[in-house]
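Colleague: run_34.cif is reproduced below (mmCIF, C-alpha atoms).
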data_coords
#
loop_
_atom_site.label_atom_id
_atom_site.label_comp_id
_atom_site.auth_asym_id
_atom_site.auth_seq_id
_atom_site.Cartn_x
_atom_site.Cartn_y
_atom_site.Cartn_z
CA MET A 1 37.06 -0.46 3.41
CA SER A 2 33.55 0.78 2.70
CA ALA A 3 31.18 0.82 5.64
CA LEU A 4 28.70 -1.01 3.41
CA VAL A 5 30.86 -4.16 3.33
CA GLY A 6 29.93 -6.57 6.09
CA VAL A 7 26.55 -5.02 6.95
CA GLN A 8 24.47 -6.32 4.05
CA ASP A 9 21.75 -8.88 4.75
CA PHE A 10 22.42 -11.43 2.02
CA SER A 11 19.32 -13.40 2.97
CA ARG A 12 17.28 -10.59 1.42
CA LEU A 13 18.04 -9.63 -2.17
CA SER A 14 14.92 -7.53 -2.69
CA PRO A 15 14.21 -3.91 -1.67
CA ASN A 16 13.69 -3.34 2.05
CA SER A 17 10.21 -3.09 3.52
CA GLY A 18 8.88 0.46 3.45
CA ARG A 19 10.64 1.49 0.25
CA ARG A 20 8.51 3.43 -2.21
CA ILE A 21 8.32 1.90 -5.68
CA LEU A 22 6.62 3.37 -8.75
CA ILE A 23 5.79 0.68 -11.31
CA VAL A 24 4.93 2.09 -14.72
CA GLY A 25 2.89 -0.51 -16.58
CA GLY A 26 1.98 -2.19 -13.31
CA CYS A 27 -1.25 -3.75 -14.63
CA GLY A 28 0.47 -5.69 -17.42
CA GLY A 29 1.66 -9.27 -17.63
CA ILE A 30 4.91 -8.64 -15.73
CA GLY A 31 3.54 -5.74 -13.71
CA ARG A 32 0.82 -7.69 -11.90
CA PRO A 33 3.08 -10.32 -10.28
CA LEU A 34 5.67 -7.62 -9.56
CA VAL A 35 3.09 -5.39 -7.84
CA LYS A 36 1.80 -8.37 -5.85
CA ALA A 37 5.31 -9.36 -4.72
CA CYS A 38 6.20 -5.81 -3.70
CA ALA A 39 2.98 -5.35 -1.74
CA GLU A 40 3.49 -8.66 0.07
CA MET A 41 7.05 -7.63 1.02
CA GLY A 42 5.81 -4.46 2.65
CA LEU A 43 6.85 -1.93 0.02
CA GLU A 44 4.75 1.15 -0.65
CA VAL A 45 3.57 0.66 -4.23
CA ALA A 46 2.25 3.11 -6.80
CA VAL A 47 1.19 2.10 -10.30
CA PHE A 48 0.93 4.09 -13.52
CA ALA A 49 -1.21 2.37 -16.15
CA LEU A 50 -3.83 3.09 -18.77
CA GLN A 51 -7.32 3.46 -17.30
CA ARG A 52 -8.61 0.47 -19.25
CA SER A 53 -5.78 -1.65 -17.83
CA ILE A 54 -6.58 -0.53 -14.28
CA ASP A 55 -10.25 -1.37 -14.90
CA ALA A 56 -9.38 -4.79 -16.31
CA HIS A 57 -6.82 -5.63 -13.62
CA PRO A 58 -7.52 -3.69 -10.39
CA VAL A 59 -4.48 -3.24 -8.14
CA PRO A 60 -4.29 -5.01 -4.76
CA GLU A 61 -5.54 -3.31 -1.61
CA GLY A 62 -3.05 -0.78 -0.32
CA VAL A 63 -1.56 -0.07 -3.77
CA ILE A 64 -2.29 3.33 -5.28
CA ALA A 65 -2.98 3.55 -9.02
CA PHE A 66 -3.00 6.49 -11.40
CA ALA A 67 -4.41 6.49 -14.93
CA VAL A 68 -1.41 7.53 -17.03
CA ASP A 69 -0.60 7.19 -20.71
CA ALA A 70 3.20 6.91 -20.64
CA ALA A 71 3.42 7.97 -24.28
CA ASP A 72 1.71 11.31 -23.57
CA ASP A 73 3.81 14.01 -21.94
CA LYS A 74 0.83 15.83 -20.41
CA SER A 75 -0.52 12.61 -18.92
CA VAL A 76 2.88 11.71 -17.44
CA LYS A 77 3.24 15.13 -15.81
CA GLU A 78 -0.30 14.97 -14.43
CA GLY A 79 0.39 11.50 -13.02
CA LEU A 80 3.59 12.67 -11.33
CA SER A 81 1.78 15.69 -9.93
CA ALA A 82 -0.91 13.44 -8.45
CA LEU A 83 1.73 11.09 -7.03
CA THR A 84 3.67 14.00 -5.50
CA ALA A 85 0.53 14.99 -3.61
CA GLN A 86 0.84 11.68 -1.73
CA TRP A 87 4.58 10.95 -1.81
CA ASP A 88 7.44 13.41 -1.39
CA SER A 89 9.97 10.94 -2.81
CA VAL A 90 10.38 7.75 -4.86
CA ASP A 91 12.97 5.11 -4.03
CA ILE A 92 12.54 2.82 -7.05
CA LEU A 93 11.22 3.41 -10.56
CA VAL A 94 10.40 0.33 -12.64
CA PHE A 95 9.50 0.94 -16.28
CA LEU A 96 7.58 -1.90 -17.96
CA VAL A 97 5.82 -0.13 -20.83
CA GLY A 98 6.23 -1.41 -24.37
CA PHE A 99 4.63 -3.04 -27.38
CA MET A 100 5.70 -4.53 -30.70
CA SER A 101 4.24 -4.86 -34.17
CA VAL A 102 1.52 -7.53 -34.15
CA PRO A 103 1.57 -9.16 -36.58
CA PRO A 104 5.21 -8.47 -37.50
CA SER A 105 5.87 -6.07 -40.35
CA THR A 106 9.09 -5.88 -42.37
CA ILE A 107 10.97 -2.63 -42.86
CA GLU A 108 9.76 -2.48 -46.47
CA GLU A 109 6.12 -2.98 -45.44
CA MET A 110 5.97 -0.90 -42.26
CA PRO A 111 4.09 2.40 -42.41
CA ILE A 112 5.98 5.32 -40.91
CA GLU A 113 3.07 5.82 -38.52
CA GLU A 114 3.66 2.35 -37.06
CA TRP A 115 7.39 3.02 -36.65
CA ASP A 116 6.67 6.32 -34.90
CA ALA A 117 4.07 4.75 -32.59
CA ILE A 118 6.44 1.98 -31.51
CA ALA A 119 9.34 4.40 -31.02
CA ALA A 120 7.10 6.66 -28.92
CA GLY A 121 5.56 3.84 -26.90
CA ASN A 122 8.83 2.08 -26.08
CA LEU A 123 11.55 4.75 -26.00
CA ARG A 124 10.11 8.27 -25.89
CA SER A 125 7.82 7.19 -23.05
CA ALA A 126 10.78 5.89 -21.03
CA PHE A 127 12.58 9.20 -21.49
CA MET A 128 9.55 11.25 -20.40
CA VAL A 129 8.80 9.10 -17.36
CA SER A 130 12.38 8.89 -16.11
CA ALA A 131 13.05 12.60 -16.66
CA ALA A 132 9.87 13.56 -14.81
CA THR A 133 10.57 11.17 -11.92
CA LEU A 134 14.22 12.15 -11.33
CA PRO A 135 13.38 14.96 -8.87
CA LEU A 136 11.45 12.50 -6.69
CA LEU A 137 14.19 9.87 -7.01
CA LYS A 138 16.83 12.38 -5.90
CA ARG A 139 14.93 12.65 -2.61
CA GLY A 140 14.64 8.88 -2.24
CA LYS A 141 16.51 6.29 -0.16
CA GLU A 142 19.11 4.34 -2.18
CA PRO A 143 17.19 5.39 -5.32
CA ASN A 144 17.40 3.38 -8.51
CA ILE A 145 15.75 2.79 -11.86
CA VAL A 146 15.05 -0.58 -13.46
CA MET A 147 14.04 -0.55 -17.11
CA VAL A 148 12.66 -3.63 -18.84
CA GLY A 149 13.86 -3.96 -22.41
CA SER A 150 14.14 -6.93 -24.75
CA SER A 151 16.65 -9.43 -26.06
CA LEU A 152 15.52 -8.31 -29.53
CA ALA A 153 17.70 -5.23 -28.99
CA TYR A 154 20.64 -7.63 -29.33
CA ASN A 155 19.20 -10.34 -31.57
CA PRO A 156 16.34 -8.97 -33.75
CA ILE A 157 13.83 -11.14 -35.54
CA SER A 158 12.29 -10.39 -38.93
CA GLY A 159 9.36 -8.00 -38.78
CA GLU A 160 10.22 -6.30 -35.47
CA SER A 161 12.78 -3.71 -36.56
CA ALA A 162 11.04 -0.76 -34.89
CA TYR A 163 10.67 -2.58 -31.58
CA ALA A 164 14.26 -3.86 -31.65
CA ALA A 165 15.58 -0.39 -32.45
CA ALA A 166 13.50 1.24 -29.71
CA LYS A 167 14.67 -1.28 -27.13
CA ALA A 168 18.28 -0.81 -28.23
CA GLY A 169 17.72 2.89 -27.65
CA LEU A 170 16.34 2.06 -24.20
CA VAL A 171 19.64 0.35 -23.36
CA ALA A 172 21.52 3.54 -24.26
CA LEU A 173 19.04 5.68 -22.32
CA THR A 174 19.50 3.48 -19.25
CA LYS A 175 23.29 3.74 -19.46
CA SER A 176 23.00 7.51 -19.86
CA LEU A 177 20.76 7.74 -16.79
CA ALA A 178 23.33 5.72 -14.84
CA ILE A 179 26.25 7.91 -15.89
CA GLU A 180 24.48 11.24 -15.41
CA ASN A 181 23.01 10.45 -12.00
CA ALA A 182 25.77 8.48 -10.28
CA PRO A 183 26.54 8.08 -7.46
CA LYS A 184 23.10 9.11 -6.12
CA ILE A 185 20.86 7.10 -8.49
CA ARG A 186 21.56 3.72 -10.06
CA ALA A 187 19.99 2.65 -13.38
CA ASN A 188 19.96 -0.84 -14.90
CA LEU A 189 17.97 -2.83 -17.46
CA VAL A 190 16.51 -6.32 -17.62
CA ALA A 191 16.39 -7.73 -21.16
CA PRO A 192 13.95 -10.67 -21.41
CA SER A 193 13.27 -12.98 -24.30
CA ALA A 194 9.70 -13.85 -25.32
CA ILE A 195 7.40 -14.04 -22.29
CA GLU A 196 4.12 -15.92 -22.00
CA THR A 197 1.82 -12.88 -21.71
CA SER A 198 -0.77 -11.05 -23.79
CA PHE A 199 2.12 -8.89 -25.03
CA LEU A 200 2.69 -11.44 -27.80
CA ALA A 201 -0.88 -10.80 -28.96
CA GLY A 202 -0.46 -7.03 -29.04
CA GLY A 203 -0.97 -6.23 -25.35
CA GLY A 204 -4.02 -5.19 -23.41
CA GLY A 205 -4.64 -1.79 -24.99
CA GLU A 206 -6.29 -0.68 -28.21
CA ARG A 207 -3.41 -2.16 -30.19
CA GLY A 208 -4.19 -5.55 -28.68
CA ILE A 209 -7.82 -5.27 -29.69
CA LYS A 210 -6.80 -4.44 -33.26
CA ALA A 211 -4.22 -7.25 -33.25
CA LEU A 212 -6.94 -9.78 -32.40
CA ASN A 213 -8.47 -9.06 -35.79
CA SER A 214 -5.12 -10.03 -37.33
CA GLY A 215 -4.81 -13.30 -35.45
CA GLY A 216 -3.45 -12.15 -32.09
CA ASP A 217 -0.42 -14.23 -31.09
CA GLU A 218 -0.92 -16.69 -33.96
CA TRP A 219 2.26 -15.30 -35.58
CA PHE A 220 4.28 -16.42 -32.57
CA ARG A 221 2.57 -19.79 -32.23
CA LYS A 222 3.49 -20.55 -35.82
CA MET A 223 7.17 -20.00 -35.09
CA SER A 224 7.26 -21.40 -31.53
CA ASP A 225 8.08 -24.97 -32.61
CA ALA A 226 11.25 -23.62 -34.20
CA TYR A 227 11.88 -20.96 -31.54
CA VAL A 228 11.76 -23.03 -28.33
CA PRO A 229 14.52 -25.47 -29.35
CA THR A 230 16.88 -22.48 -29.73
CA ILE A 231 16.48 -21.80 -25.99
CA PRO A 232 18.86 -23.94 -23.89
CA MET A 233 16.28 -23.98 -21.04
CA ARG A 234 13.73 -25.36 -23.55
CA ARG A 235 10.79 -23.16 -22.59
CA ILE A 236 9.27 -19.70 -22.98
CA ALA A 237 9.82 -17.26 -20.11
CA GLN A 238 7.08 -16.74 -17.55
CA PRO A 239 6.40 -13.33 -15.96
CA GLU A 240 7.78 -14.52 -12.62
CA ASP A 241 11.13 -15.21 -14.32
CA ILE A 242 11.48 -11.45 -14.82
CA VAL A 243 10.21 -10.34 -11.40
CA GLY A 244 13.19 -11.81 -9.52
CA PRO A 245 15.90 -9.99 -11.52
CA ILE A 246 13.97 -6.72 -11.26
CA LEU A 247 13.75 -7.00 -7.48
CA PHE A 248 17.43 -7.94 -7.22
CA LEU A 249 18.54 -4.90 -9.22
CA ALA A 250 16.23 -2.69 -7.14
CA GLY A 251 17.55 -4.07 -3.87
CA PRO A 252 20.45 -3.13 -1.57
CA THR A 253 22.76 -6.00 -2.53
CA ALA A 254 22.94 -4.58 -6.08
CA SER A 255 24.25 -1.27 -4.71
CA PHE A 256 27.43 -1.39 -6.85
CA ILE A 257 25.62 -2.33 -10.06
CA THR A 258 24.68 0.50 -12.42
CA GLY A 259 24.54 0.99 -16.17
CA GLN A 260 24.25 -2.76 -16.72
CA VAL A 261 21.99 -5.14 -18.64
CA ILE A 262 20.85 -8.46 -17.15
CA HIS A 263 19.78 -10.88 -19.86
CA VAL A 264 16.91 -13.19 -18.92
CA ASN A 265 16.39 -15.45 -21.91
CA GLY A 266 17.07 -19.05 -20.89
CA GLY A 267 20.51 -18.86 -22.55
CA ARG A 268 19.27 -18.04 -26.04
CA VAL A 269 21.24 -14.78 -26.23
CA THR A 270 24.61 -14.53 -24.46
CA PRO A 271 26.15 -11.20 -25.51
#
Translate this file's structure into structure tokens.

Modeller:
Amino acid sequence: MSALVGVQDFSRLSPNSGRRILIVGGCGGIGRPLVKACAEMGLEVAVFALQRSIDAHPVPEGVIAFAVDAADDKSVKEGLSALTAQWDSVDILVFLVGFMSVPPSTIEEMPIEEWDAIAAGNLRSAFMVSAATLPLLKRGKEPNIVMVGSSLAYNPISGESAYAAAKAGLVALTKSLAIENAPKIRANLVAPSAIETSFLAGGGGERGIKALNSGGDEWFRKMSDAYVPTIPMRRIAQPEDIVGPILFLAGPTASFITGQVIHVNGGRVTP
């Protein structure tokens, strides 16, 4: 029998106090409550985010933040170099970066530049960040990766083909990370449905500013009356609904879970 059996503290499903967690996209709609929860639990927290996001949503006291564009290889490497100057290891990597087409654009209408931008922002960025962080994770305690994807990877909607395809690729990347780095490093993915954040209006970056000129989240509001009844829980997800599953996957009681997808969508998608 494994020595692990019988020694777990099942009253605590989150990472242990003192663990080092790097949250990429930590100033976003899911990132802010996740950072807050981790800091309150006594984790050491580092955040990668765009400078404008850090300026708009300063991190809590005790959290270290680095201005990083996850879609830019040079910026990612510079961020990891700066982090390494303060930390010699990372225990948990959480990847929250992503954006969709706002307003939606069909395959026939979508410019190739938009497809490339979404693929780079959602999938290429995850590859660059995880690859660059692996050396630090290999020196961590019970190291693991938690990616945040989307239920659209399994159940696309019209106008979001690039986003759905990128998030489907993120599932495969996560499984590959799990296979290649077991048993030392675990890797799992949380796949949420629509979440009540500025993401639906294009996010907090330059794309969000441009999306405001096209109506922001008006596209989603128009379909919400039809969308919500398809969710058995009869509501849109809140950021806190995603924080719990992330912390569970990152914690010690998930030590035998790797290469898996946890669907958090109120029952709308049950693959």

Colleague: Where does the PyMOL selection byres ((chain A and resi 26) around 12) land in this file, that is, which residues does it pick, as number ranges by chain?

Modeller: A: 21-25, 27-38, 45-51, 53-54, 57-60, 63-68, 70, 93-98, 243

Colleague: Excluding stretch 135-143 of chain A and its own-chain neighbours fewer than 4 positions away, which residues fall within 10 Å of it when counting all atoms listed in the file? Please give them as a list in words.

Modeller: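 My reading of the contact set: Pro15, Arg19, Arg20, Ile21, Leu80, Leu83, Thr84, Trp87, Asp88, Ser89, Val90, Asp91, Ile92, Leu93, Ser130, Ala131, Asn181, Pro183, Lys184, Ile185, Arg186, Ala187, Ala250, Gly251, Pro252 and Ser255 of chain A.
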
Colleague: Tell me which protein, DNA and RNA residues are within 8 Å of A:Ser161, counting all atoms listed in the file, leaving out same-chain ones fewer than 4 positions away, and put them as a VMD selection string.

Modeller: chain A and resid 106 to 107 156 to 157 165

Colleague: Please write the residues picked by the PyMOL selection byres ((chain A and resi 242) around 9) on this file as a list in words.

Modeller: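 When the PyMOL selection byres ((chain A and resi 242) around 9) is applied, the selected residues are Ile30, Leu34, Val148, Val190, Ala191, Pro192, Ile195, Ala237, Gln238, Pro239, Glu240, Asp241, Val243, Gly244, Pro245, Ile246, Leu247 and Val264 of chain A.
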
Colleague: Quick one: distance from atom CA of A:Ser101 to atom CA of A:Ile118 in Å, one decimal?

Modeller: 7.7 Å

Colleague: When distances are computed from only C-alpha atoms, which of A:Leu123, A:Met110, A:Ala39, A:Met128 shows the smallest separation from A:Asn16?

Modeller: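 The closest residue to A:Asn16 is A:Ala39.
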
Colleague: Would you list the contacts of A:Ala166 as a PDB file with C-alpha atoms, keeping the file's coordinate frame, taking every protein, DNA or RNA residue within 7 Å and counting all atoms listed in the file, but skipping same-chain residues closer than 3 positions in sequence?

Modeller:
ATOM      1  CA  ALA A 119       9.340   4.400 -31.020  1.00  0.00           C
ATOM      2  CA  ASN A 122       8.830   2.080 -26.080  1.00  0.00           C
ATOM      3  CA  LEU A 123      11.550   4.750 -26.000  1.00  0.00           C
ATOM      4  CA  ALA A 162      11.040  -0.760 -34.890  1.00  0.00           C
ATOM      5  CA  TYR A 163      10.670  -2.580 -31.580  1.00  0.00           C
ATOM      6  CA  GLY A 169      17.720   2.890 -27.650  1.00  0.00           C
ATOM      7  CA  LEU A 170      16.340   2.060 -24.200  1.00  0.00           C
TER       8      LEU A 170
END

Colleague: Which polymer residues, whether protein, DNA or RNA, lie within 8 Å of the coordinate (16.5, 2.5, -21.6) when you count all atoms listed in the file? List them as a list in words, using the chain letters and numbers from the file.

Modeller: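 Every residue inside that radius is included here: Leu123, Ala126, Phe127, Met147, Val148, Gly149, Lys167, Ala168, Gly169, Leu170, Val171, Ala172, Leu173, Thr174, Lys175 and Leu189 of chain A.
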
Colleague: I'd like the residues picked by the PyMOL selection byres ((chain A and resi 153) around 6) written out as a list in words, using the chain letters and numbers from the file.

Modeller: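 Applied to this file, the PyMOL selection byres ((chain A and resi 153) around 6) returns Ser150, Ser151, Leu152, Tyr154, Asn155, Ala164, Lys167 and Ala168 of chain A.
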
Colleague: What does the distance between atom CA of A:Ile145 and atom CA of A:Asn188 come to in Å, to one decimal place?

Modeller: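 Calculated distance between atom CA of A:Ile145 and atom CA of A:Asn188 is 6.3 Å.
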
Colleague: Between atom CA of A:Arg52 and atom CA of A:Asp69, what is the distance, to one decimal in Å?

Modeller: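 Atom CA of A:Asp69 lies at a distance of 10.6 Å from atom CA of A:Arg52.
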
Colleague: Pick out the residues sitting within 12 Å of A:Glu109, and hand them over as a PyMOL selection string; count all atoms listed in the file, and ignore anything fewer than 3 positions along from it in its own chain.

Modeller: chain A and resi 101+103-106+112-115+158-162

Colleague: Go ahead and dump the residues you just picked, C-alpha atoms, as a compact mmCIF listing (two decimals), keeping the file's coordinate frame.

Modeller:
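Saved the output as part_16.txt:
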# COMPACT_ATOMS: atom_id res chain seq x y z
CA SER A 101 4.24 -4.86 -34.17
CA PRO A 103 1.57 -9.16 -36.58
CA PRO A 104 5.21 -8.47 -37.50
CA SER A 105 5.87 -6.07 -40.35
CA THR A 106 9.09 -5.88 -42.37
CA ILE A 112 5.98 5.32 -40.91
CA GLU A 113 3.07 5.82 -38.52
CA GLU A 114 3.66 2.35 -37.06
CA TRP A 115 7.39 3.02 -36.65
CA SER A 158 12.29 -10.39 -38.93
CA GLY A 159 9.36 -8.00 -38.78
CA GLU A 160 10.22 -6.30 -35.47
CA SER A 161 12.78 -3.71 -36.56
CA ALA A 162 11.04 -0.76 -34.89

Colleague: Select, from A:Asp73, A:His263, A:Leu249, A:Gln86, the residue with the minimum atom-to-atom distance to A:Val129, counting all atoms listed in the file.

Modeller: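 The closest residue to A:Val129 is A:Asp73.
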
Colleague: Let me have the centre and edge lengths of the axis-aligned box enclosing all listed atoms of stretch 92-107 of chain A with 4 Å padding on every side, in Å to one decimal, as lines of an AutoDock Vina configuration file.

Modeller:
center_x = 7.0
center_y = -2.9
center_z = -25.0
size_x = 19.0
size_y = 20.6
size_z = 43.8

Colleague: Kindly reconstruct stretch 132-145 of chain A with N, CA and C atoms and present the result as a PDB file, in the frame of the given file.

Modeller:
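Everything below was put into rebuild_18.pdb:
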ATOM      1  N   ALA A 132      10.833  12.953 -15.719  1.00  0.00           N
ATOM      2  CA  ALA A 132       9.870  13.560 -14.810  1.00  0.00           C
ATOM      3  C   ALA A 132       9.984  13.027 -13.392  1.00  0.00           C
ATOM      4  N   THR A 133      10.486  11.806 -13.241  1.00  0.00           N
ATOM      5  CA  THR A 133      10.570  11.170 -11.920  1.00  0.00           C
ATOM      6  C   THR A 133      11.889  11.469 -11.212  1.00  0.00           C
ATOM      7  N   LEU A 134      12.901  11.925 -11.934  1.00  0.00           N
ATOM      8  CA  LEU A 134      14.220  12.150 -11.330  1.00  0.00           C
ATOM      9  C   LEU A 134      14.179  13.052 -10.092  1.00  0.00           C
ATOM     10  N   PRO A 135      13.406  14.152 -10.096  1.00  0.00           N
ATOM     11  CA  PRO A 135      13.380  14.960  -8.870  1.00  0.00           C
ATOM     12  C   PRO A 135      12.909  14.188  -7.642  1.00  0.00           C
ATOM     13  N   LEU A 136      11.922  13.309  -7.811  1.00  0.00           N
ATOM     14  CA  LEU A 136      11.450  12.500  -6.690  1.00  0.00           C
ATOM     15  C   LEU A 136      12.484  11.452  -6.303  1.00  0.00           C
ATOM     16  N   LEU A 137      13.158  10.867  -7.292  1.00  0.00           N
ATOM     17  CA  LEU A 137      14.190   9.870  -7.010  1.00  0.00           C
ATOM     18  C   LEU A 137      15.362  10.495  -6.246  1.00  0.00           C
ATOM     19  N   LYS A 138      15.709  11.720  -6.573  1.00  0.00           N
ATOM     20  CA  LYS A 138      16.830  12.380  -5.900  1.00  0.00           C
ATOM     21  C   LYS A 138      16.562  12.581  -4.413  1.00  0.00           C
ATOM     22  N   ARG A 139      15.285  12.535  -4.029  1.00  0.00           N
ATOM     23  CA  ARG A 139      14.930  12.650  -2.610  1.00  0.00           C
ATOM     24  C   ARG A 139      14.700  11.283  -1.974  1.00  0.00           C
ATOM     25  N   GLY A 140      14.916  10.209  -2.731  1.00  0.00           N
ATOM     26  CA  GLY A 140      14.640   8.880  -2.240  1.00  0.00           C
ATOM     27  C   GLY A 140      15.791   8.256  -1.462  1.00  0.00           C
ATOM     28  N   LYS A 141      15.521   7.064  -0.899  1.00  0.00           N
ATOM     29  CA  LYS A 141      16.510   6.290  -0.160  1.00  0.00           C
ATOM     30  C   LYS A 141      17.106   5.241  -1.105  1.00  0.00           C
ATOM     31  N   GLU A 142      18.425   5.267  -1.275  1.00  0.00           N
ATOM     32  CA  GLU A 142      19.110   4.340  -2.180  1.00  0.00           C
ATOM     33  C   GLU A 142      18.352   4.251  -3.504  1.00  0.00           C
ATOM     34  N   PRO A 143      18.071   5.377  -4.154  1.00  0.00           N
ATOM     35  CA  PRO A 143      17.190   5.390  -5.320  1.00  0.00           C
ATOM     36  C   PRO A 143      17.801   4.690  -6.530  1.00  0.00           C
ATOM     37  N   ASN A 144      16.938   4.054  -7.304  1.00  0.00           N
ATOM     38  CA  ASN A 144      17.400   3.380  -8.510  1.00  0.00           C
ATOM     39  C   ASN A 144      16.272   3.206  -9.500  1.00  0.00           C
ATOM     40  N   ILE A 145      16.669   2.987 -10.751  1.00  0.00           N
ATOM     41  CA  ILE A 145      15.750   2.790 -11.860  1.00  0.00           C
ATOM     42  C   ILE A 145      16.005   1.412 -12.466  1.00  0.00           C
TER      43      ILE A 145
END
